[in-house]
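A.B. asks: Please read through the structure below; I'll follow up with questions.
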Amino acid sequence: MKYQTLMLLALGIGVLAVLVLLIGPEEILNALGMANPWYVVLAFLIQFLLFGLWTERWSINIQVVDIKIKKLALLPMLLVGMAVNNITPSGRGGGEPVRAYILGKYTKCPMENSFATVIADKGLDTFPLFLLAVITIIYAVLYFQLSTLTIYALISSVAVLLVLFIIGFYMSIDQKMGERVTRWVVNVIKRFSKKDHSKLEKRALNALNGFQNSIRTLIRNRKILLYALPLSFLIWFVEIIRVYIIFMAFNTPISLEAIAVVFLISTLIGIVPLLPGGLGAVDGMMILLFSIAGVPPSVSAAATIIERLISFWMPSFLGILMLPYFGSGVMDQISKNLGRD
């Protein structure tokens with residue numbers, strides 16, 4: 001429900017406020033005052049570079065399924081999707097249907113085609129995430145004094161993501177399994193709705209067929225393997241570099257490996273669909289792990305505040321600003337997402 005989402009947002013902000021009070025607002029402000037502004041500006045610029053890289057990767061998927069649209073027009077859609085992901089407690093997945101809806105509406109292409117490009121774009125993020133997550137867990141076990149429970153939780157989260165990815169991928173390409181799941185969903189809808197759904201199953205199966213054809217086209221295209229997948233690894237590397245540059249602003253010695261570990265663990269925490277954008281949970285985990293890595297708590301908090309301002313609040317604000325441009329239909333889609341949460 002919408003009110004539940006607002007309450008969760010308030011809870012996340014409250015958790016962050018408690019962390020700030022525990023460390024000491026004055027100490028954090030002093031640390032922020034020490035930050036070299038040029039490094040902070042550079043970190044902001046890197047975030048805009050990431051916007052461009054994300055747009056480029058999505059455009060590769062779009063070109064493969066022959067949807068005609070200029071790259072510049074994709075950026076506002078991307079930002080709206082990121083904003084929705086950040087304001088809905090849906091495991092960073094609430095923005096994908098909205099992004100697909102906007103693309104379909106803007107280009108007049110079938111919804112199953114636009115949705116396939118978004119799913120493929122999301123899937124491309126998964127490959128580097130799994131690889132980096134495995135490396136992160138190994139490094140964390142060796143160099144971080146994490147509890148056994150925390151290590152098991154990280155391994156379990158990666159395992160669950162892997163299983164979900166395999167199931168989703170199989171459903172996207174296997175016609176029989178896709179049809180079984182689609183019919184099951186249609187039957188559930190029929191039970192809980194009194195509307196006439198006599199044509200719903202046929203429309204759903206036709207949409208599934210179009211979606212699977214688009215996914216197969218994307219998988220078989222060499223552009224995805226040669227350009228989009230390496231671009232995904234580059235994007236993750238640039239994100240880690242952005243955090244590293246933020247710590248350079250504080251002249252705080254911390255290894256790139258430690259930053260990568262903290263960033264990946266925090267990302268995994270943020271995927272859990274409890275708080276919008278992992279607000280509070282991600283911030284707290286970053287502050288805690290940076291402190292374990294030897295960074296003073298005040299600097300950990302100050303660096304985390306800047307990092308989240310760049311990676312969470314700025315995209316959210318820019319995406320919300322773009323909403324009126326796409327009309328009331330997008331707001332209806334967002335309301336549906338909020339209604340599901």
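Note on naming: chains are A, B, ... as they come in the structure tokens, residues start from 1 per chain, ligands start from 1 in the order shown.
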Taking 3 positions as the minimum chain separation for residues in the same chain, which residues sit within 12 Å of region 21-28 of chain A when counting only C-alpha atoms? Answer as JSON, numbers by chain.
C.D. replies: {"A": [14, 15, 16, 17, 18, 31, 32, 33, 34, 35, 250, 284, 287, 288, 291, 296, 297, 298, 299, 300, 301, 302, 303, 304, 305, 306]}
A.B. asks: So that I have them on file, write out the residues from the current selection with C-alpha atoms, as a compact mmCIF listing (two decimals), in the first residue's frame.
C.D. replies:
# COMPACT_ATOMS: atom_id res chain seq x y z
CA GLY A 14 14.70 7.27 11.07
CA VAL A 15 17.31 4.50 11.10
CA LEU A 16 19.76 6.81 9.36
CA ALA A 17 19.02 9.59 11.87
CA VAL A 18 19.71 7.21 14.79
CA ALA A 31 34.44 15.28 8.81
CA LEU A 32 32.28 16.64 5.99
CA GLY A 33 34.03 19.99 6.37
CA MET A 34 37.38 18.25 5.84
CA ALA A 35 36.34 16.76 2.49
CA PHE A 250 38.77 12.64 3.05
CA GLY A 284 24.12 1.43 8.25
CA ILE A 287 29.15 2.77 7.93
CA LEU A 288 29.65 -0.41 9.97
CA SER A 291 34.56 1.20 10.35
CA PRO A 296 37.03 6.37 11.71
CA PRO A 297 33.22 6.19 12.27
CA SER A 298 32.75 9.92 11.63
CA VAL A 299 34.56 9.64 8.26
CA SER A 300 32.66 6.43 7.46
CA ALA A 301 29.37 8.22 8.09
CA ALA A 302 30.40 11.35 6.18
CA ALA A 303 31.61 9.33 3.17
CA THR A 304 28.46 7.20 3.22
CA ILE A 305 26.26 10.32 3.30
CA ILE A 306 28.01 11.72 0.22
A.B. asks: Give me the residues within 12 Å of Gly294 (chain A) as a PyMOL selection string, counting only C-alpha atoms and dropping any in the same chain fewer than 5 places off.
C.D. replies: chain A and resi 143-145+252-255+258-259+287-289+299-300
A.B. asks: Can you tell me which residues surround Ser172 (chain A) at a distance of at most 8 Å, considering only C-alpha atoms, apart from same-chain residues fewer than 4 positions away, and format the answer as a PyMOL selection string?
C.D. replies: chain A and resi 168+178+211-212+215
A.B. asks: Which of region 29-155 of chain A counts as helix (DSSP H, G or I) under DSSP, as JSON, numbers by chain please?
C.D. replies: {"A": [29, 30, 31, 32, 33, 34, 37, 38, 39, 40, 41, 42, 43, 44, 45, 46, 47, 48, 49, 50, 51, 52, 53, 54, 55, 56, 57, 58, 59, 60, 61, 62, 63, 64, 71, 72, 73, 74, 75, 76, 77, 78, 79, 80, 81, 82, 83, 84, 85, 86, 87, 95, 96, 97, 98, 99, 100, 101, 102, 103, 104, 105, 106, 107, 111, 112, 113, 114, 115, 116, 117, 118, 119, 120, 121, 122, 123, 124, 125, 126, 127, 128, 129, 130, 131, 132, 133, 134, 135, 136, 137, 138, 139, 140, 141, 142, 143, 148, 149, 150, 151, 152, 153, 154, 155]}
A.B. asks: So that I can check the surroundings of Tyr106 (chain A), please list as a VMD selection string every protein, DNA and RNA residue that reaches within 12 Å of it, counting only C-alpha atoms and ignoring chain neighbours fewer than 6 positions away.
C.D. replies: chain A and resid 67 to 70 73 to 74 76 to 77 99 to 100 114 325 to 327 329 to 330
A.B. asks: Those same residues, written as a PDB file, in the first residue's frame with C-alpha atoms?
C.D. replies:
ATOM      1  CA  ILE A  67      12.960  -0.571 -31.568  1.00  0.00           C
ATOM      2  CA  LYS A  68      13.625   2.865 -33.031  1.00  0.00           C
ATOM      3  CA  ILE A  69      14.480   5.550 -30.485  1.00  0.00           C
ATOM      4  CA  LYS A  70      17.256   8.079 -29.911  1.00  0.00           C
ATOM      5  CA  ALA A  73      15.396   9.962 -25.085  1.00  0.00           C
ATOM      6  CA  LEU A  74      16.271   6.864 -23.044  1.00  0.00           C
ATOM      7  CA  PRO A  76      14.817  10.306 -18.731  1.00  0.00           C
ATOM      8  CA  MET A  77      13.155   6.853 -18.846  1.00  0.00           C
ATOM      9  CA  ARG A  99      10.565   1.772 -17.653  1.00  0.00           C
ATOM     10  CA  ALA A 100       9.133  -0.810 -20.069  1.00  0.00           C
ATOM     11  CA  SER A 114       9.961  -3.213 -24.500  1.00  0.00           C
ATOM     12  CA  TYR A 325       7.035  14.846 -18.881  1.00  0.00           C
ATOM     13  CA  PHE A 326       5.701  11.309 -19.409  1.00  0.00           C
ATOM     14  CA  GLY A 327       2.124  12.001 -18.336  1.00  0.00           C
ATOM     15  CA  GLY A 329      -0.121   6.963 -17.364  1.00  0.00           C
ATOM     16  CA  VAL A 330       3.264   6.595 -15.715  1.00  0.00           C
TER      17      VAL A 330
END
A.B. asks: Between CA of Gln63 (chain A) and CA of Lys223 (chain A), what is the distance, to one decimal in Å?
C.D. replies: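 Taking CA of Gln63 (chain A) as the start and CA of Lys223 (chain A) as the end point, the length is 9.5 Å.
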A.B. asks: Write out as a list in words which residues come within 12 Å of Lys122 (chain A) when counting only C-alpha atoms, dropping same-chain ones fewer than 5 positions away.
C.D. replies: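 These residues fall inside the cut-off: Trp54, Arg57, Trp58, Asn61, Leu78, Gly81, Met82, Arg92, Gly93, Gly94, Gly95, Glu96, Pro97, Arg99, Ala100, Phe115, Ala116, Thr117, Phe127, Pro128, Leu129, Phe165, Gly168, Phe169, Ala228, Leu229 and Ser232 of chain A.
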A.B. asks: Once you have the residues from the selection above, write them out as a short mmCIF file (atom, residue, chain, number, x, y, z; two decimals), in the first residue's frame, restricted to C-alpha atoms.
C.D. replies:
data_model
loop_
_atom_site.label_atom_id
_atom_site.label_comp_id
_atom_site.auth_asym_id
_atom_site.auth_seq_id
_atom_site.Cartn_x
_atom_site.Cartn_y
_atom_site.Cartn_z
CA TRP A 54 23.54 2.54 -18.31
CA ARG A 57 23.78 -0.67 -22.41
CA TRP A 58 19.99 -0.40 -22.58
CA ASN A 61 19.30 -4.23 -26.15
CA LEU A 78 16.15 5.35 -17.08
CA GLY A 81 12.94 3.75 -13.42
CA MET A 82 15.75 4.38 -10.94
CA ARG A 92 15.02 -2.71 -6.76
CA GLY A 93 12.65 -4.16 -9.34
CA GLY A 94 9.65 -1.83 -9.19
CA GLY A 95 11.10 0.55 -11.75
CA GLU A 96 11.50 -2.04 -14.51
CA PRO A 97 7.79 -2.36 -15.45
CA ARG A 99 10.56 1.77 -17.65
CA ALA A 100 9.13 -0.81 -20.07
CA PHE A 115 9.71 -5.38 -21.38
CA ALA A 116 12.17 -7.88 -22.88
CA THR A 117 14.79 -5.13 -23.33
CA PHE A 127 26.51 -11.69 -14.28
CA PRO A 128 29.08 -9.28 -12.80
CA LEU A 129 27.08 -9.19 -9.55
CA PHE A 165 17.85 -15.84 -11.97
CA GLY A 168 13.47 -16.51 -14.51
CA PHE A 169 15.86 -17.17 -17.38
CA ALA A 228 26.66 -5.13 -23.50
CA LEU A 229 28.11 -7.76 -21.14
CA SER A 232 28.12 -4.32 -17.37
#
A.B. asks: Would you list the contacts of Ser311 (chain A) as a VMD selection string, taking every protein, DNA or RNA residue within 12 Å and counting only C-alpha atoms, but skipping same-chain residues closer than 6 positions in sequence?
C.D. replies: chain A and resid 43 to 48 50 to 51 79 82 to 83 86 239 to 240 242 to 243 246 263 267 277 279 282 to 283 304 to 305 317 to 318
A.B. asks: So what do you get for CA of Thr55 (chain A) versus CA of Lys108 (chain A), distance-wise?
C.D. replies: 19.4 Å
A.B. asks: Can you tell me, as a list in words, what residues are no more than 9 Å from region 149-154 of chain A when counting only C-alpha atoms, ignoring any on the same chain fewer than 5 positions away?
C.D. replies: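 Once the nearby chain positions are removed, what remains is Ala133, Ile137, Ala140, Val141, Ala159, Ile265, Leu268 and Ile269 of chain A.
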A.B. asks: Mind dumping the selected residues with C-alpha atoms as an mmCIF file, in the first residue's frame?
C.D. replies:
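Written file, part_20.cif:
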data_model
loop_
_atom_site.group_PDB
_atom_site.id
_atom_site.type_symbol
_atom_site.label_atom_id
_atom_site.label_comp_id
_atom_site.auth_asym_id
_atom_site.auth_seq_id
_atom_site.Cartn_x
_atom_site.Cartn_y
_atom_site.Cartn_z
ATOM 1 C CA ALA A 133 29.745 -11.405 -4.944
ATOM 2 C CA ILE A 137 32.535 -13.295 0.174
ATOM 3 C CA ALA A 140 35.362 -10.868 3.517
ATOM 4 C CA VAL A 141 36.000 -14.264 5.110
ATOM 5 C CA ALA A 159 22.367 -18.506 -3.704
ATOM 6 C CA ILE A 265 27.738 -6.397 0.536
ATOM 7 C CA LEU A 268 23.167 -7.270 -1.682
ATOM 8 C CA ILE A 269 21.527 -5.817 1.434
#
